[in-house]
Structure formats: structure tokens, C-alpha cells
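What follows is data_33.txt (compact mmCIF, C-alpha atoms).
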```txt
# COMPACT_ATOMS: atom_id res chain seq x y z
CA MET A 1 -5.50 24.95 -4.94
CA ALA A 2 -7.15 27.77 -3.05
CA ARG A 3 -6.06 29.00 0.34
CA LEU A 4 -8.69 28.73 3.05
CA GLU A 5 -9.67 32.06 4.49
CA HIS A 6 -11.59 30.96 7.63
CA GLY A 7 -11.20 30.18 10.62
CA ALA A 8 -1.22 -1.17 17.69
CA THR A 9 0.07 -5.51 18.82
CA MET A 10 2.27 -3.49 16.45
CA ARG A 11 2.52 -5.15 13.09
CA ARG A 12 4.60 -3.86 10.25
CA ARG A 13 2.86 -4.19 6.92
CA GLU A 14 4.92 -4.82 3.84
CA PHE A 15 3.06 -3.17 1.00
CA VAL A 16 4.16 -4.81 -2.22
CA THR A 17 1.35 -4.07 -4.65
CA GLY A 18 3.25 -1.62 -6.81
CA VAL A 19 4.40 0.46 -3.84
CA GLY A 20 7.28 -1.20 -2.00
CA VAL A 21 8.86 -0.20 1.30
CA SER A 22 12.10 1.75 1.01
CA ALA A 23 15.26 0.58 2.73
CA LEU A 24 15.95 1.91 6.19
CA VAL A 25 18.66 4.52 6.49
CA GLY A 26 20.53 6.11 9.37
CA PRO A 27 19.39 8.78 11.86
CA ARG A 28 18.38 12.16 10.58
CA GLY A 29 17.19 15.38 12.15
CA ALA A 30 13.90 17.22 11.94
CA TRP A 31 12.84 19.82 9.35
CA GLY A 32 14.52 17.99 6.49
CA GLN A 33 18.12 18.97 7.31
CA GLN A 34 19.64 15.61 6.40
CA ALA A 35 23.07 15.12 4.93
CA SER A 36 21.95 11.95 3.11
CA LYS A 37 18.74 10.81 1.45
CA PRO A 38 15.76 11.78 3.64
CA VAL A 39 13.07 9.33 4.70
CA VAL A 40 9.34 10.11 4.76
CA GLY A 41 6.96 8.09 6.92
CA PHE A 42 3.62 7.41 5.21
CA LEU A 43 1.17 6.42 7.96
CA ARG A 44 -2.42 5.33 7.35
CA SER A 45 -5.16 4.09 9.67
CA THR A 46 -6.77 1.91 6.99
CA THR A 47 -5.34 -0.59 4.54
CA LEU A 48 -2.80 0.57 1.97
CA ALA A 49 -4.16 -1.87 -0.59
CA GLU A 50 -7.13 0.44 -1.23
CA ALA A 51 -4.96 3.54 -1.43
CA ALA A 52 -2.54 2.71 -4.27
CA HIS A 53 -3.87 5.54 -6.45
CA LEU A 54 -3.55 8.00 -3.55
CA ILE A 55 0.07 6.97 -3.08
CA THR A 56 0.61 7.52 -6.81
CA ALA A 57 -0.85 11.02 -6.45
CA PHE A 58 1.33 11.65 -3.39
CA ARG A 59 4.41 10.62 -5.36
CA ARG A 60 3.35 12.96 -8.16
CA GLY A 61 3.29 15.84 -5.71
CA LEU A 62 6.68 14.87 -4.32
CA LYS A 63 8.07 14.89 -7.84
CA GLU A 64 6.62 18.33 -8.49
CA ALA A 65 8.55 19.48 -5.43
CA GLY A 66 11.76 17.96 -6.75
CA TYR A 67 11.75 14.56 -5.02
CA THR A 68 11.52 11.13 -6.63
CA GLU A 69 11.08 8.08 -4.42
CA GLY A 70 14.04 5.76 -4.66
CA GLN A 71 16.31 8.47 -6.06
CA ASN A 72 16.60 11.36 -3.64
CA VAL A 73 13.96 10.38 -1.05
CA SER A 74 12.80 7.15 0.59
CA VAL A 75 9.29 6.46 1.84
CA GLU A 76 8.44 4.02 4.62
CA TYR A 77 4.82 2.82 4.49
CA ARG A 78 2.93 1.85 7.63
CA SER A 79 -0.72 0.86 7.99
CA ALA A 80 -2.85 0.07 11.02
CA ASP A 81 -5.05 -2.06 8.74
CA ASP A 82 -8.27 -0.76 10.31
CA HIS A 83 -6.99 -1.37 13.84
CA PRO A 84 -6.55 2.19 15.13
CA GLU A 85 -5.10 0.92 18.42
CA ARG A 86 -1.95 0.06 16.44
CA LEU A 87 -1.34 3.63 15.33
CA PRO A 88 0.56 4.85 18.44
CA SER A 89 3.16 2.09 18.09
CA LEU A 90 3.48 2.67 14.35
CA ALA A 91 3.90 6.40 14.85
CA ALA A 92 6.47 5.79 17.61
CA GLU A 93 8.41 3.49 15.29
CA LEU A 94 8.62 6.15 12.58
CA ILE A 95 9.59 8.83 15.08
CA GLY A 96 12.23 6.54 16.57
CA ARG A 97 13.74 6.10 13.12
CA ARG A 98 13.97 9.88 12.85
CA VAL A 99 12.00 10.21 9.63
CA ALA A 100 12.13 13.70 8.15
CA VAL A 101 8.34 14.02 7.82
CA ILE A 102 5.28 11.95 8.69
CA MET A 103 2.49 12.03 6.12
CA GLY A 104 -0.85 10.72 7.39
CA ASN A 105 -4.59 10.60 6.90
CA ASN A 106 -6.81 12.25 9.52
CA LEU A 107 -6.64 9.69 12.34
CA ALA A 108 -3.00 8.82 11.71
CA ALA A 109 -2.03 12.49 11.80
CA LEU A 110 -3.88 13.02 15.08
CA VAL A 111 -1.99 10.12 16.67
CA ALA A 112 1.33 11.37 15.29
CA LYS A 113 0.60 14.86 16.61
CA ALA A 114 0.03 13.44 20.09
CA ALA A 115 3.32 11.53 19.85
CA THR A 116 5.68 14.30 18.74
CA SER A 117 5.97 18.07 18.79
CA THR A 118 9.14 18.15 16.71
CA THR A 119 8.85 15.75 13.76
CA PRO A 120 7.00 17.57 10.95
CA ILE A 121 3.56 16.18 10.09
CA ILE A 122 1.56 16.68 6.90
CA PHE A 123 -2.07 15.54 6.99
CA VAL A 124 -4.83 14.93 4.47
CA THR A 125 -8.36 15.14 5.87
CA GLY A 126 -11.87 15.37 4.52
CA GLY A 127 -13.02 17.25 7.59
CA ASP A 128 -12.48 20.57 9.32
CA PRO A 129 -8.87 20.52 10.63
CA ILE A 130 -9.75 22.96 13.42
CA ASN A 131 -12.81 21.14 14.72
CA GLY A 132 -10.94 17.88 14.29
CA GLY A 133 -8.13 19.04 16.57
CA LEU A 134 -5.34 19.02 14.00
CA VAL A 135 -4.61 22.75 13.99
CA THR A 136 -5.84 25.88 15.75
CA SER A 137 -5.59 28.13 12.69
CA LEU A 138 -5.82 27.45 8.96
CA ASN A 139 -3.68 30.32 7.74
CA ARG A 140 -1.13 30.00 10.55
CA PRO A 141 -1.24 26.40 11.79
CA GLY A 142 1.79 26.80 14.06
CA GLY A 143 3.65 23.92 15.68
CA ASN A 144 4.86 20.98 13.63
CA ILE A 145 1.73 20.17 11.62
CA THR A 146 -0.12 21.39 8.54
CA GLY A 147 -1.74 19.77 5.54
CA VAL A 148 -4.60 19.62 3.08
CA THR A 149 -8.35 19.38 3.59
CA PHE A 150 -10.84 18.41 0.93
CA LEU A 151 -13.92 19.04 3.12
CA GLY A 152 -15.88 16.07 1.80
CA GLY A 153 -18.29 16.12 4.71
CA VAL A 154 -19.74 19.56 3.99
CA VAL A 155 -21.45 18.60 0.72
CA GLY A 156 -23.87 16.10 2.21
CA ALA A 157 -26.90 18.28 1.45
CA LYS A 158 -25.78 18.70 -2.16
CA ARG A 159 -25.29 14.95 -2.53
CA LEU A 160 -28.77 14.37 -1.13
CA GLU A 161 -30.23 16.84 -3.61
CA LEU A 162 -28.53 15.13 -6.56
CA LEU A 163 -29.56 11.68 -5.36
CA ARG A 164 -33.18 12.80 -5.20
CA LEU A 165 -32.95 14.06 -8.78
CA LEU A 166 -31.45 10.76 -9.92
CA VAL A 167 -33.88 8.56 -7.96
CA PRO A 168 -37.07 10.65 -7.57
CA LYS A 169 -39.17 7.62 -6.59
CA ALA A 170 -37.08 7.01 -3.48
CA LEU A 171 -39.34 8.36 -0.73
CA LYS A 172 -36.97 7.18 2.00
CA ILE A 173 -33.24 7.82 1.97
CA GLY A 174 -30.75 5.89 4.08
CA MET A 175 -27.29 6.94 5.18
CA LEU A 176 -24.33 4.94 6.45
CA VAL A 177 -21.79 6.77 8.60
CA SER A 178 -18.65 5.90 10.53
CA PRO A 179 -18.76 7.18 14.13
CA SER A 180 -14.94 7.03 14.31
CA TYR A 181 -14.63 9.80 11.71
CA PRO A 182 -14.22 13.17 13.48
CA ASP A 183 -16.59 15.07 11.18
CA THR A 184 -19.37 12.49 10.99
CA GLU A 185 -21.68 14.54 13.20
CA ALA A 186 -21.21 17.64 11.06
CA GLU A 187 -21.91 15.62 7.91
CA ARG A 188 -24.98 14.07 9.50
CA GLU A 189 -26.35 17.48 10.46
CA ASP A 190 -25.62 18.87 7.00
CA VAL A 191 -27.69 16.11 5.41
CA LYS A 192 -30.52 16.56 7.89
CA ALA A 193 -30.60 20.32 7.32
CA GLY A 194 -30.65 19.89 3.56
CA THR A 195 -33.46 17.37 3.33
CA GLN A 196 -36.88 18.34 2.05
CA LEU A 197 -38.30 14.88 2.55
CA ALA A 198 -41.28 14.39 4.83
CA THR A 199 -39.12 12.15 6.98
CA GLN A 200 -35.48 12.51 7.99
CA PRO A 201 -32.91 10.15 6.47
CA ILE A 202 -32.53 6.81 8.20
CA ILE A 203 -28.95 6.98 9.50
CA LEU A 204 -27.05 3.88 10.61
CA GLU A 205 -23.63 3.90 12.26
CA ILE A 206 -21.12 1.34 10.99
CA ARG A 207 -18.16 0.35 13.17
CA SER A 208 -16.88 -2.74 11.37
CA THR A 209 -16.99 -4.44 7.98
CA GLU A 210 -19.11 -7.19 9.48
CA GLU A 211 -21.90 -4.70 10.20
CA LEU A 212 -22.33 -3.66 6.57
CA ASP A 213 -24.41 -6.66 5.44
CA GLY A 214 -26.86 -6.22 8.30
CA ALA A 215 -27.07 -2.48 7.69
CA PHE A 216 -28.12 -2.90 4.07
CA ALA A 217 -30.68 -5.53 5.06
CA ALA A 218 -32.06 -3.15 7.69
CA LEU A 219 -32.36 -0.31 5.18
CA ILE A 220 -34.24 -2.49 2.73
CA ALA A 221 -36.56 -3.71 5.52
CA GLN A 222 -37.41 -0.07 6.29
CA GLY A 223 -38.29 0.72 2.68
CA VAL A 224 -35.25 2.81 1.83
CA GLY A 225 -34.99 3.54 -1.89
CA ALA A 226 -31.47 5.00 -2.04
CA VAL A 227 -28.50 5.44 0.27
CA LEU A 228 -25.83 8.03 0.99
CA ILE A 229 -22.41 6.65 1.95
CA GLY A 230 -20.67 8.79 4.56
CA THR A 231 -17.19 10.18 4.23
CA GLY A 232 -14.00 9.14 5.99
CA ALA A 233 -11.22 6.57 5.59
CA PHE A 234 -13.36 3.70 6.96
CA MET A 235 -16.01 4.02 4.24
CA PHE A 236 -13.43 4.86 1.58
CA SER A 237 -11.42 1.69 2.20
CA ARG A 238 -14.61 -0.42 1.98
CA ARG A 239 -16.04 1.18 -1.15
CA SER A 240 -15.87 -2.02 -3.25
CA HIS A 241 -17.65 -4.05 -0.56
CA ILE A 242 -20.30 -1.37 -0.19
CA ALA A 243 -20.83 -1.12 -3.95
CA ALA A 244 -21.28 -4.90 -4.15
CA LEU A 245 -23.88 -4.84 -1.37
CA ALA A 246 -25.71 -1.93 -3.00
CA ALA A 247 -25.86 -3.88 -6.27
CA LYS A 248 -27.03 -7.01 -4.46
CA HIS A 249 -29.91 -5.12 -2.86
CA ARG A 250 -30.53 -2.99 -5.98
CA LEU A 251 -30.05 0.16 -3.95
CA PRO A 252 -28.76 3.31 -5.68
CA ALA A 253 -25.78 4.60 -3.71
CA SER A 254 -24.19 8.05 -3.59
CA TYR A 255 -20.56 8.57 -2.53
CA SER A 256 -18.51 11.62 -1.67
CA ASN A 257 -15.69 10.48 -3.98
CA ARG A 258 -15.37 9.24 -7.54
CA GLU A 259 -13.61 6.07 -6.35
CA GLY A 260 -16.97 4.81 -5.06
CA VAL A 261 -18.45 5.18 -8.54
CA GLU A 262 -15.45 3.49 -10.14
CA ALA A 263 -16.10 0.59 -7.74
CA GLY A 264 -19.68 0.29 -9.07
CA GLY A 265 -21.65 2.90 -7.15
CA LEU A 266 -24.27 4.98 -8.93
CA THR A 267 -23.02 8.49 -8.33
CA SER A 268 -20.66 10.74 -6.43
CA TYR A 269 -20.26 14.40 -5.73
CA GLY A 270 -17.30 15.78 -3.88
CA PRO A 271 -13.71 16.90 -3.99
CA SER A 272 -10.87 14.99 -5.56
CA ILE A 273 -9.02 13.03 -2.88
CA SER A 274 -6.24 12.23 -5.32
CA ASP A 275 -5.66 15.93 -5.88
CA ALA A 276 -5.46 16.47 -2.12
CA TYR A 277 -2.76 13.79 -1.83
CA ARG A 278 -0.85 15.38 -4.69
CA GLN A 279 -0.87 18.68 -2.82
CA ALA A 280 0.24 16.89 0.36
CA GLY A 281 3.18 15.49 -1.58
CA ILE A 282 4.14 19.03 -2.58
CA TYR A 283 3.96 20.10 1.08
CA VAL A 284 6.18 17.21 2.13
CA GLY A 285 8.66 18.36 -0.50
CA LYS A 286 8.56 21.89 0.89
CA VAL A 287 9.37 20.60 4.36
CA LEU A 288 12.23 18.52 2.96
CA ASN A 289 13.50 21.73 1.40
CA GLY A 290 13.62 23.37 4.82
CA GLU A 291 10.24 25.07 5.19
CA LYS A 292 8.41 24.64 8.49
CA PRO A 293 4.82 23.36 8.76
CA ALA A 294 4.01 26.35 10.98
CA ASP A 295 4.61 28.62 7.99
CA LEU A 296 2.56 26.59 5.50
CA PRO A 297 -1.18 27.40 5.58
CA VAL A 298 -3.66 24.54 5.48
CA MET A 299 -4.77 24.21 1.88
CA GLN A 300 -8.17 23.25 0.50
CA SER A 301 -8.48 21.00 -2.52
CA GLY A 302 -10.85 22.98 -4.74
CA LYS A 303 -11.55 20.42 -7.45
CA PHE A 304 -15.12 19.08 -7.12
CA GLU A 305 -16.58 16.38 -9.36
CA PHE A 306 -20.07 15.07 -10.16
CA VAL A 307 -19.66 11.54 -11.54
CA LEU A 308 -22.28 9.08 -12.79
CA ASN A 309 -22.04 5.37 -13.58
CA LEU A 310 -24.41 4.64 -16.47
CA LYS A 311 -23.77 0.89 -16.33
CA THR A 312 -24.94 0.83 -12.72
CA ALA A 313 -27.93 3.02 -13.63
CA LYS A 314 -28.90 0.59 -16.38
CA ASP A 315 -28.57 -2.38 -14.02
CA LEU A 316 -30.90 -0.54 -11.60
CA GLY A 317 -33.39 0.32 -14.34
CA LEU A 318 -32.77 4.08 -14.02
CA GLU A 319 -32.90 6.59 -16.86
CA PHE A 320 -31.75 10.20 -16.65
CA HIS A 321 -32.78 13.32 -18.50
CA PRO A 322 -30.13 14.47 -21.00
CA GLN A 323 -29.85 17.82 -19.22
CA LEU A 324 -28.99 16.06 -15.97
CA LEU A 325 -26.37 13.96 -17.74
CA ALA A 326 -24.93 17.11 -19.24
CA THR A 327 -24.24 18.52 -15.77
CA ALA A 328 -21.99 15.56 -14.85
CA ASP A 329 -18.26 16.13 -14.95
CA GLU A 330 -17.79 12.52 -16.00
CA VAL A 331 -20.09 9.71 -17.10
CA ILE A 332 -18.73 6.18 -16.70
CA GLU A 333 -20.20 3.78 -19.23
```
As C-alpha cells, how would this structure be written, given the file I've shared?
Amino acid sequence: MARLEHGATMRRREFVTGVGVSALVGPRGAWGQQASKPVVGFLRSTTLAEAAHLITAFRRGLKEAGYTEGQNVSVEYRSADDHPERLPSLAAELIGRRVAVIMGNNLAALVAKAATSTTPIIFVTGGDPINGGLVTSLNRPGGNITGVTFLGGVVGAKRLELLRLLVPKALKIGMLVSPSYPDTEAEREDVKAGTQLATQPIILEIRSTEELDGAFAALIAQGVGAVLIGTGAFMFSRRSHIAALAAKHRLPASYSNREGVEAGGLTSYGPSISDAYRQAGIYVGKVLNGEKPADLPVMQSGKFEFVLNLKTAKDLGLEFHPQLLATADEVIE
């Protein structure tokens, strides 16, 4: 990890797929000064079912910091299940139960920040935490919030460049973005600035799962030969659906995370989200040990990966030069 230098109807979700919700315990104060086993609130705007590996990474970080779930720390899992209007009630519930720390993705952390100035908050975001309104300084976040950024939205131009190398016959490139993601505009502009195509990418905004089928049909109707999938929790939680649609329409798709390739996408380039959640787990452990978020600088996950799915390439009739394959960090066959 490298330190950055610049500047709800509320519905409780029982997550049982290998995660489990810890038993509730009595009141406890802020900053991890509990006499008994502390409780961490894990709050997410999207479904937990698509984040099992991130929770595993988070637990790994907790363990590195000296905490093992079920032994000396409990974790309460809450998800808005893609209904962001539920987040305020979910955050209020965790705060009311006096959890020691709230751990959240970008949108969940923003809602938690608006709800409390005392309960410590650790975030994981793929965007700029300053522009996104999470903190005012990276090195000295101040207040009750800090976290980890993996800056997935700032490599859009690089992803476009790699996609053009992989699919040189694609004269038109499409892009699907989520307008609810705080850094979508920055990602969009990064892609536009990096393009050398005669025409700008055809960018479609997606606000619901139901819009995905129509979006792919629209891209095909406009002669798009490949597509970039935008960053953010919305797209991440729908990666399997998107990969299936890309395969149906025989459209090479590029993701900002390896999970999209594991789901069947063609390629990805970007930081490791799992590594970011591991680091967040370490930060939660630090807070449980008495450190304050104000004193913990926002960290950047520095592990970037270029991943290719050769099975998907074969299904699409694509062949790559050996030198290009050699540049990949991982080739899935």
C-alpha cells in the first residue's frame, strides 16, 4: 500500500451465504473502547451476495490487525440491496446499536457520514475521496472518517487503449456508466480525453438492471464493436448479468476489475478491489485498537492487474499476439 501524496422501507438482510450475521451485543462507546467484544457494522449499498470475496478480504485484514470474527469481534452485515433510499435507516440502526466502527462502500459511507460525527467510519471507494465528499484531505482526513481508495475510474483511457489493441476492428466503442456513482463524470471525461478514434465513445447511462438489455441492443444497433463497463458498485454487483449480455451479443467487454473477467468478460485493467477491502479491514482493526480515523491517512491500493479471458476470446473469434498475452498479469483459460 502506498500513501497518497495529493490533495430505506428499512429491511434487514440476513446474509447466510458463508457470511452470517453476528449476534447483537450490548451498548458500547465510540473509538473502540469497549469492555466486551466490539461490534463492527458492515454497510453496503448493493447486494452482499456479490461481495462474498470482498468480505473474505475484509476479514483477512481484520485478522492481520489482530481480530477474528466470532472470536474477539462481531460483524453486523447490512445491505440496501440496490435501494439507496434504505441506507439512512440502515445506518441509523447501526449507530443506534452503538457499533464500534462502520465499514462501508462509497455511497454507504457518505450516508453514514451524514448520520454521525462520532461513530468511526472506514470507507472503500474507487473514486476520489475528496471530490466525492468523503474527506477534505487525504493525508489528514480529520473528523471520524478515513479509508481506502483504489481509483478505478482514473484508468479509463488505459482500458480504452488496451481494448483497441485487443479488438482493433472495433471502429466504434460503447461505454456503460452508472450516473449514481460519484466519479462517473471524471471517468467519462478520462475516456473521452484518451480516445484516438474518429468518433467519441457512445456512452449510455444505466440506472437499473432492467435497462441493461435495452442498452446492449442499442449499442449493437449503432454498430458498436466493443464496450467499456464503467466503475462503481452498481456495475460491479451486476457483472455476471453484464457478462452474459455481452456474450449474447458477441460484444467484447472491458472491466475495471478482474471480477468482471472471472464472470466471463473479455478483459480488465484496474486495481485490486479485494486488496482495498483487506486494507480497510486493517484500518478497522486500528480503530478498534484505539486509533482515530482523523490520524489515519487515506490509503491507495497500488496493486493493478491486466487480466484476459482466453475462453471468452475464443468464443468471440479473437486471437492475440503472443507479446500482448505476455503483458497480461493473468490469463484465464
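Residues within 8 Å of Ala253 (chain A), counting all atoms listed in the file and excluding same-chain residues fewer than 2 positions away, are Ala226, Val227, Leu228, Ile229, Ala243, Ala246, Leu251, Tyr255, Gly265, Leu266 and Thr267 of chain A.
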Please report as a tab-separated table every residue of region 46-135 of chain A lying within 9 Å of region 287-311 of chain A, along with the nearest atom pair and their distance in Å (one decimal), using all atoms listed in the file.
```
residue	atom	partner	partner_atom	distance
A:Ala65	CA	A:Asn289	CA	8.7
A:Tyr67	CA	A:Leu288	CA	8.9
A:Ala100	CA	A:Leu288	CA	7.1
A:Val101	CA	A:Val287	CA	7.5
A:Pro120	CA	A:Pro293	CA	6.6
A:Ile121	CA	A:Pro293	CA	7.4
A:Ile122	CA	A:Pro293	CA	7.7
A:Pro129	CA	A:Val298	CA	8.4
A:Val135	CA	A:Val298	CA	8.7
```
Considering only C-alpha atoms, return as a PyMOL selection string whatever protein or nucleic-acid residues lie within 6 Å of Glu205 (chain A), sequence-local ones (same chain, fewer than 2 positions apart) excluded. chain A and resi 176-178
Would you kindly return, as a list in words, each protein, DNA or RNA residue with an atom no farther than 12 Å from any atom of Ala157 (chain A), considering all atoms listed in the file and excluding same-chain residues fewer than 6 positions away? Leu163, Arg164, Met175, Ala186, Glu187, Arg188, Glu189, Asp190, Val191, Lys192, Ala193, Gly194, Thr195, Gln196, Leu197, Pro201, Leu228, Gly230, Ser254, Ser256, Tyr269 and Gly270 of chain A
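Across the structure, CA of Gly126 (chain A) and CA of Val167 (chain A) are spaced 26.2 Å apart.
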What separates CA of Leu171 (chain A) and CA of Ala215 (chain A) is a distance of 18.4 Å
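Separating CA of Ala326 (chain A) from CA of Leu165 (chain A) is a distance of 13.5 Å.
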Using all atoms of region 234-253 of chain A listed in the file and a margin of 6 Å per side, can you give the axis-aligned box centre and edge lengths in Å to one decimal, as AutoDock Vina command-line options?
```
--center_x -21.0 --center_y -1.1 --center_z 0.3 --size_x 31.1 --size_y 23.9 --size_z 25.2
```
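Minimum atom-to-atom distances from A:Glu319, A:Glu64, A:Asp213, A:Glu330 to Lys248 (chain A) were compared using only C-alpha atoms, and the lowest value belongs to A:Asp213.
Among the candidate residues A:Lys113, A:Arg207, A:Arg258, A:Lys63, the one lying nearest to Tyr283 (chain A) is A:Lys63, with distances computed using only C-alpha atoms.
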Within 8 Å of (-35.1, 4.5, 2.9) (coordinates as in the file), grab all the protein and nucleic acid residues, counting all atoms listed in the file, and write them out as a ChimeraX atom specification. /A:170-174,201-202,219-220,222-227
Store the residues picked out above, limited to C-alpha atoms, as a JSON list (two decimals), keeping the file's coordinate frame.
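Writing done, so here's part_18.json:
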```json
[["chain", "number", "residue", "atom", "x", "y", "z"],
["A", 170, "ALA", "CA", -37.08, 7.01, -3.48],
["A", 171, "LEU", "CA", -39.34, 8.36, -0.73],
["A", 172, "LYS", "CA", -36.97, 7.18, 2.00],
["A", 173, "ILE", "CA", -33.24, 7.82, 1.97],
["A", 174, "GLY", "CA", -30.75, 5.89, 4.08],
["A", 201, "PRO", "CA", -32.91, 10.15, 6.47],
["A", 202, "ILE", "CA", -32.53, 6.81, 8.20],
["A", 219, "LEU", "CA", -32.36, -0.31, 5.18],
["A", 220, "ILE", "CA", -34.24, -2.49, 2.73],
["A", 222, "GLN", "CA", -37.41, -0.07, 6.29],
["A", 223, "GLY", "CA", -38.29, 0.72, 2.68],
["A", 224, "VAL", "CA", -35.25, 2.81, 1.83],
["A", 225, "GLY", "CA", -34.99, 3.54, -1.89],
["A", 226, "ALA", "CA", -31.47, 5.00, -2.04],
["A", 227, "VAL", "CA", -28.50, 5.44, 0.27]]
```
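Nearest to Ser268 (chain A) of all the residues A:Gly317, A:Pro182, A:Gly133, A:Gly156 is A:Gly156, based on all atoms listed in the file.
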